[in-house]
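Asks: Pasting structure33.pdb below, which is PDB, C-alpha atoms, pLDDT in the B column.
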ATOM      1  CA  MET A   1      20.193 -50.944 -11.113  1.00 88.00           C
ATOM      2  CA  ALA A   2      18.913 -47.776 -12.750  1.00 91.00           C
ATOM      3  CA  ARG A   3      18.562 -44.751 -10.496  1.00 94.00           C
ATOM      4  CA  THR A   4      15.987 -42.101 -11.297  1.00 93.00           C
ATOM      5  CA  THR A   5      14.322 -39.282  -9.420  1.00 95.00           C
ATOM      6  CA  LEU A   6      10.586 -38.933  -9.076  1.00 96.00           C
ATOM      7  CA  ASN A   7       9.183 -35.485  -8.382  1.00 95.00           C
ATOM      8  CA  LEU A   8       6.015 -36.240  -6.454  1.00 96.00           C
ATOM      9  CA  HIS A   9       3.492 -33.911  -4.881  1.00 96.00           C
ATOM     10  CA  ILE A  10       3.501 -34.064  -1.084  1.00 96.00           C
ATOM     11  CA  ASN A  11      -0.071 -35.447  -1.107  1.00 96.00           C
ATOM     12  CA  THR A  12       0.959 -38.288  -3.424  1.00 96.00           C
ATOM     13  CA  MET A  13       4.027 -39.048  -1.315  1.00 97.00           C
ATOM     14  CA  THR A  14       1.929 -39.036   1.874  1.00 97.00           C
ATOM     15  CA  GLU A  15      -0.422 -41.631   0.359  1.00 96.00           C
ATOM     16  CA  ILE A  16       2.515 -43.814  -0.725  1.00 97.00           C
ATOM     17  CA  ASN A  17       4.039 -43.553   2.767  1.00 97.00           C
ATOM     18  CA  ARG A  18       0.711 -44.484   4.369  1.00 96.00           C
ATOM     19  CA  ARG A  19       0.208 -47.528   2.166  1.00 95.00           C
ATOM     20  CA  SER A  20       3.825 -48.579   2.586  1.00 95.00           C
ATOM     21  CA  ALA A  21       3.385 -48.591   6.381  1.00 95.00           C
ATOM     22  CA  GLU A  22       0.043 -50.428   6.174  1.00 93.00           C
ATOM     23  CA  CYS A  23       1.494 -53.134   3.932  1.00 92.00           C
ATOM     24  CA  ALA A  24       4.857 -53.260   5.743  1.00 92.00           C
ATOM     25  CA  VAL A  25       6.772 -52.961   2.463  1.00 92.00           C
ATOM     26  CA  SER A  26       9.102 -50.335   1.034  1.00 94.00           C
ATOM     27  CA  ARG A  27       7.888 -47.290  -0.840  1.00 96.00           C
ATOM     28  CA  ARG A  28       9.823 -48.637  -3.824  1.00 95.00           C
ATOM     29  CA  SER A  29       7.756 -51.827  -3.708  1.00 93.00           C
ATOM     30  CA  ILE A  30       4.507 -49.836  -3.610  1.00 95.00           C
ATOM     31  CA  ILE A  31       5.582 -47.682  -6.568  1.00 95.00           C
ATOM     32  CA  VAL A  32       6.650 -50.675  -8.680  1.00 93.00           C
ATOM     33  CA  ARG A  33       3.394 -52.482  -7.943  1.00 91.00           C
ATOM     34  CA  LEU A  34       1.366 -49.372  -8.807  1.00 94.00           C
ATOM     35  CA  LEU A  35       3.139 -48.888 -12.131  1.00 93.00           C
ATOM     36  CA  MET A  36       2.527 -52.548 -12.977  1.00 89.00           C
ATOM     37  CA  MET A  37      -1.166 -52.067 -12.215  1.00 89.00           C
ATOM     38  CA  LEU A  38      -1.252 -49.066 -14.540  1.00 88.00           C
ATOM     39  CA  MET A  39      -0.389 -51.396 -17.403  1.00 81.00           C
ATOM     40  CA  ARG A  40      -3.981 -52.675 -17.247  1.00 78.00           C
ATOM     41  CA  ASP A  41      -5.158 -49.461 -18.888  1.00 77.00           C
ATOM     42  CA  ALA A  42      -2.475 -49.275 -21.591  1.00 72.00           C
ATOM     43  CA  HIS A  43      -4.763 -50.728 -24.276  1.00 69.00           C
ATOM     44  CA  SER A  44      -7.114 -47.735 -23.990  1.00 73.00           C
ATOM     45  CA  VAL A  45      -4.489 -44.981 -24.115  1.00 72.00           C
ATOM     46  CA  ASP A  46      -4.683 -42.482 -26.978  1.00 71.00           C
ATOM     47  CA  MET A  47      -1.267 -42.946 -28.596  1.00 65.00           C
ATOM     48  CA  ARG A  48      -1.375 -40.155 -31.167  1.00 70.00           C
ATOM     49  CA  PHE A  49       1.592 -37.834 -31.452  1.00 71.00           C
ATOM     50  CA  THR A  50       1.437 -35.497 -28.475  1.00 77.00           C
ATOM     51  CA  ASN A  51       3.936 -33.906 -26.133  1.00 81.00           C
ATOM     52  CA  VAL A  52       4.930 -35.656 -22.948  1.00 82.00           C
ATOM     53  CA  ARG A  53       2.649 -34.533 -20.132  1.00 85.00           C
ATOM     54  CA  TYR A  54       3.855 -33.589 -16.670  1.00 87.00           C
ATOM     55  CA  GLN A  55       2.113 -32.997 -13.366  1.00 88.00           C
ATOM     56  CA  PRO A  56       0.268 -29.702 -12.968  1.00 88.00           C
ATOM     57  CA  ASP A  57       2.311 -26.994 -11.282  1.00 89.00           C
ATOM     58  CA  ASP A  58       1.817 -26.279  -7.601  1.00 90.00           C
ATOM     59  CA  PRO A  59       2.727 -22.631  -6.914  1.00 89.00           C
ATOM     60  CA  SER A  60       3.203 -23.491  -3.229  1.00 92.00           C
ATOM     61  CA  GLY A  61       6.081 -25.801  -4.160  1.00 89.00           C
ATOM     62  CA  ASN A  62       4.690 -28.808  -2.285  1.00 94.00           C
ATOM     63  CA  TRP A  63       6.954 -31.306  -4.049  1.00 95.00           C
ATOM     64  CA  HIS A  64       9.119 -34.125  -2.788  1.00 93.00           C
ATOM     65  CA  CYS A  65      12.082 -35.408  -4.827  1.00 94.00           C
ATOM     66  CA  PHE A  66      12.285 -39.147  -4.314  1.00 92.00           C
ATOM     67  CA  SER A  67      15.305 -41.040  -5.569  1.00 95.00           C
ATOM     68  CA  ILE A  68      14.438 -44.605  -6.554  1.00 96.00           C
ATOM     69  CA  LEU A  69      16.359 -47.574  -7.901  1.00 95.00           C
ATOM     70  CA  PHE A  70      14.691 -49.734 -10.536  1.00 93.00           C
ATOM     71  CA  ARG A  71      16.126 -53.012 -11.730  1.00 90.00           C
ATOM     72  CA  GLU A  72      17.133 -52.865 -15.379  1.00 86.00           C
ATOM     73  CA  ASP A  73      14.098 -54.892 -16.504  1.00 83.00           C
ATOM     74  CA  GLU A  74      11.744 -52.691 -14.483  1.00 87.00           C
ATOM     75  CA  HIS A  75      13.354 -49.553 -15.873  1.00 89.00           C
ATOM     76  CA  GLU A  76      12.909 -50.729 -19.482  1.00 86.00           C
ATOM     77  CA  PHE A  77       9.296 -51.591 -18.777  1.00 86.00           C
ATOM     78  CA  PHE A  78       8.569 -48.204 -17.185  1.00 90.00           C
ATOM     79  CA  VAL A  79      10.300 -46.318 -20.008  1.00 89.00           C
ATOM     80  CA  ASP A  80       7.994 -48.150 -22.453  1.00 87.00           C
ATOM     81  CA  LEU A  81       5.034 -47.309 -20.240  1.00 88.00           C
ATOM     82  CA  ARG A  82       6.100 -43.648 -20.319  1.00 89.00           C
ATOM     83  CA  LYS A  83       6.217 -43.724 -24.120  1.00 85.00           C
ATOM     84  CA  ILE A  84       2.755 -45.260 -24.385  1.00 84.00           C
ATOM     85  CA  TYR A  85       1.101 -42.923 -21.901  1.00 87.00           C
ATOM     86  CA  LYS A  86       3.130 -39.899 -23.068  1.00 88.00           C
ATOM     87  CA  CYS A  87       3.621 -38.901 -19.425  1.00 90.00           C
ATOM     88  CA  SER A  88       6.585 -38.453 -17.138  1.00 93.00           C
ATOM     89  CA  ILE A  89       7.175 -41.379 -14.812  1.00 94.00           C
ATOM     90  CA  SER A  90       6.358 -39.035 -11.914  1.00 96.00           C
ATOM     91  CA  LEU A  91       2.942 -38.321 -13.447  1.00 95.00           C
ATOM     92  CA  LEU A  92       2.420 -42.047 -14.060  1.00 95.00           C
ATOM     93  CA  VAL A  93       3.044 -42.687 -10.356  1.00 96.00           C
ATOM     94  CA  ALA A  94       0.561 -39.924  -9.411  1.00 96.00           C
ATOM     95  CA  ILE A  95      -2.070 -41.397 -11.766  1.00 94.00           C
ATOM     96  CA  ALA A  96      -1.469 -44.910 -10.414  1.00 95.00           C
ATOM     97  CA  VAL A  97      -1.772 -43.696  -6.809  1.00 96.00           C
ATOM     98  CA  GLU A  98      -5.115 -42.102  -7.635  1.00 95.00           C
ATOM     99  CA  ARG A  99      -6.460 -45.154  -9.477  1.00 93.00           C
ATOM    100  CA  TYR A 100      -4.969 -48.150  -7.712  1.00 93.00           C
ATOM    101  CA  LEU A 101      -3.469 -47.369  -4.308  1.00 94.00           C
ATOM    102  CA  ASP A 102      -6.379 -48.927  -2.428  1.00 90.00           C
ATOM    103  CA  GLU A 103      -5.913 -52.154  -4.414  1.00 90.00           C
ATOM    104  CA  VAL A 104      -2.329 -52.617  -3.228  1.00 86.00           C
ATOM    105  CA  ALA A 105      -2.658 -55.354  -0.653  1.00 80.00           C
ATOM    106  CA  PRO A 106      -0.067 -56.629   1.784  1.00 77.00           C
ATOM    107  CA  ILE A 107       1.908 -59.605   0.527  1.00 68.00           C
ATOM    108  CA  GLU A 108       1.899 -62.665   2.746  1.00 61.00           C
ATOM    109  CA  PRO A 109       5.422 -63.203   4.132  1.00 54.00           C
ATOM    110  CA  THR A 110       5.510 -66.743   2.704  1.00 50.00           C
ATOM    111  CA  LYS A 111       4.869 -65.399  -0.809  1.00 54.00           C
ATOM    112  CA  ARG A 112       7.528 -62.671  -0.762  1.00 50.00           C
ATOM    113  CA  HIS A 113      10.647 -62.931  -2.822  1.00 46.00           C
ATOM    114  CA  ASN A 114      13.111 -60.373  -4.093  1.00 48.00           C
ATOM    115  CA  TYR A 115      13.853 -61.945  -7.442  1.00 41.00           C
ATOM    116  CA  ALA A 116      10.637 -61.428  -9.422  1.00 49.00           C
ATOM    117  CA  ARG A 117      11.431 -60.184 -12.910  1.00 53.00           C
ATOM    118  CA  PHE A 118       9.544 -58.980 -15.934  1.00 58.00           C
ATOM    119  CA  TYR A 119       9.642 -62.226 -17.857  1.00 59.00           C
ATOM    120  CA  ASN A 120       8.926 -62.594 -21.551  1.00 66.00           C
ATOM    121  CA  TYR A 121       9.729 -59.042 -22.553  1.00 69.00           C
ATOM    122  CA  LEU A 122      10.359 -58.844 -26.295  1.00 72.00           C
ATOM    123  CA  ILE A 123      10.832 -56.124 -28.894  1.00 74.00           C
ATOM    124  CA  GLN A 124      10.421 -57.127 -32.523  1.00 76.00           C
ATOM    125  CA  LEU A 125      11.057 -55.084 -35.669  1.00 79.00           C
ATOM    126  CA  ASP A 126       9.160 -55.911 -38.859  1.00 82.00           C
ATOM    127  CA  SER A 127       8.776 -54.212 -42.202  1.00 83.00           C
ATOM    128  CA  VAL A 128       5.454 -54.031 -44.029  1.00 85.00           C
ATOM    129  CA  ASP A 129       5.506 -52.397 -47.443  1.00 88.00           C
ATOM    130  CA  GLY A 130       8.652 -50.516 -46.457  1.00 86.00           C
ATOM    131  CA  VAL A 131       7.139 -49.213 -43.204  1.00 87.00           C
ATOM    132  CA  MET A 132       8.971 -50.091 -39.987  1.00 84.00           C
ATOM    133  CA  LEU A 133       6.726 -51.792 -37.452  1.00 81.00           C
ATOM    134  CA  TRP A 134       7.919 -52.077 -33.855  1.00 78.00           C
ATOM    135  CA  ARG A 135       6.169 -54.590 -31.630  1.00 77.00           C
ATOM    136  CA  ILE A 136       6.662 -54.578 -27.879  1.00 77.00           C
ATOM    137  CA  TYR A 137       5.507 -57.663 -25.981  1.00 76.00           C
ATOM    138  CA  TRP A 138       4.967 -57.617 -22.219  1.00 73.00           C
ATOM    139  CA  GLY A 139       4.218 -61.243 -21.594  1.00 70.00           C
ATOM    140  CA  PHE A 140       4.523 -64.327 -23.743  1.00 67.00           C
ATOM    141  CA  PRO A 141       3.064 -63.774 -27.229  1.00 63.00           C
ATOM    142  CA  ARG A 142       1.367 -66.538 -29.174  1.00 65.00           C
ATOM    143  CA  THR A 143       3.537 -68.016 -31.932  1.00 66.00           C
ATOM    144  CA  GLU A 144       1.482 -66.527 -34.774  1.00 63.00           C
ATOM    145  CA  TYR A 145       2.299 -63.034 -33.508  1.00 60.00           C
ATOM    146  CA  LEU A 146       6.015 -63.737 -33.784  1.00 60.00           C
ATOM    147  CA  THR A 147       5.847 -64.630 -37.472  1.00 59.00           C
ATOM    148  CA  PRO A 148       6.969 -61.560 -39.405  1.00 58.00           C
ATOM    149  CA  PRO A 149       4.416 -60.328 -41.945  1.00 55.00           C
ATOM    150  CA  SER A 150       5.470 -60.610 -45.560  1.00 55.00           C
ATOM    151  CA  ASP A 151       6.869 -57.451 -47.111  1.00 53.00           C
ATOM    152  CA  HIS A 152       4.896 -56.849 -50.319  1.00 49.00           C
TER     153      HIS A 152
END
Could you write out this structure as structure tokens?
Replies:
Amino acid sequence: MARTTLNLHINTMTEINRRSAECAVSRRSIIVRLLMMLMRDAHSVDMRFTNVRYQPDDPSGNWHCFSILFREDEHEFFVDLRKIYKCSISLLVAIAVERYLDEVAPIEPTKRHNYARFYNYLIQLDSVDGVMLWRIYWGFPRTEYLTPPSDH
């Protein structure tokens, strides 16, 4: 397990606590589900070279440090998500709370299990005309995507 600390605004943490109680699941579960939902928007993120963004400062100091354990596969996924969005994981959680918290629904007890993993995660390195090309797959890619392009 990978331990990290999220620095969340009190308002964000209050919303996570509320939804956690409503759904009768852990705050960790809510946060993981929210970050997974944020992946829906990854295709529209501006990925140009920029600095990593953080949450706006709150002069009142209304922050809550929340220690969280991610499984290794989750941690890798969220680190990739951080790179794509160019945001701290804490900011990603705040964005996901704002966009998706109301969509987090309780899970029926018969459908719960603790062993769900991020299946079909793949990183591939290719070279095209001497340029390194990294491909990150979240899900199972079609075979034609796995064929390396020819290096001219």
Asks: What's around Arg99 of chain A at 12 Å? Count only C-alpha atoms, leave out sequence neighbours fewer than 4 positions away in its own chain, and write the answer as JSON, numbers by chain.
Replies: {"A": [12, 34, 35, 37, 38, 39, 40, 41, 92, 93, 94, 95, 103, 104]}
Asks: From the list A:Arg53, A:Cys87, A:Asp80, A:Phe70, which residue is nearest Ser29 of chain A when using all atoms listed in the file?
Replies: A:Phe70
Asks: How far is it from atom CA of His75 of chain A to atom CA of Met36 of chain A, in Å with one decimal?
Replies: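 Interatomic distance, atom CA of His75 of chain A to atom CA of Met36 of chain A: 11.6 Å.
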Asks: Return the single residue from A:Arg28, A:Tyr85, A:Ile10, A:Thr5 that is closest to Ser60 of chain A, with distances computed using only C-alpha atoms.
Replies: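 Checking each candidate against Ser60 of chain A, we get A:Ile10 as the closest.
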Asks: Rounded to one decimal in Å, what is the spacing between atom CA of Trp63 of chain A and atom CA of Leu8 of chain A?
Replies: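 Spanning atom CA of Trp63 of chain A to atom CA of Leu8 of chain A is a straight-line distance of 5.6 Å.
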Asks: The PyMOL selection byres ((chain A and resi 84) around 10) - which residues does that actually catch in the file I just gave you? List them as an MDAnalysis selection string.
Replies: chainID A and resid 39 42:43 45:48 52 78:83 85:87
Asks: Evaluate the PyMOL selection byres ((chain A and resi 13-27) around 12) and record the selected residues as a ChimeraX atom specification, following the chain and residue labels used in the document.
Replies: /A:6-12,28-34,62-69,90,93-94,96-98,100-109,112-114
Asks: Measure the distance from atom CA of Met132 of chain A to atom CA of Ser44 of chain A in Å and round it to one decimal.
Replies: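 Distance between the two atoms: 22.8 Å.
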Asks: May I ask which of the residues A:Asp73, A:Tyr137, A:Asn51, A:Leu91 is the closest one to Gln124 of chain A, counting all atoms listed in the file?
Replies: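 Comparing A:Asp73, A:Tyr137, A:Asn51, A:Leu91 against Gln124 of chain A, the winner is A:Tyr137.
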Asks: Between A:Phe49, A:Phe77, A:Trp134, A:Tyr54, which one has atoms that come closest to Ala2 of chain A, using only C-alpha atoms?
Replies: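 Result for the nearest residue to Ala2 of chain A: A:Phe77.
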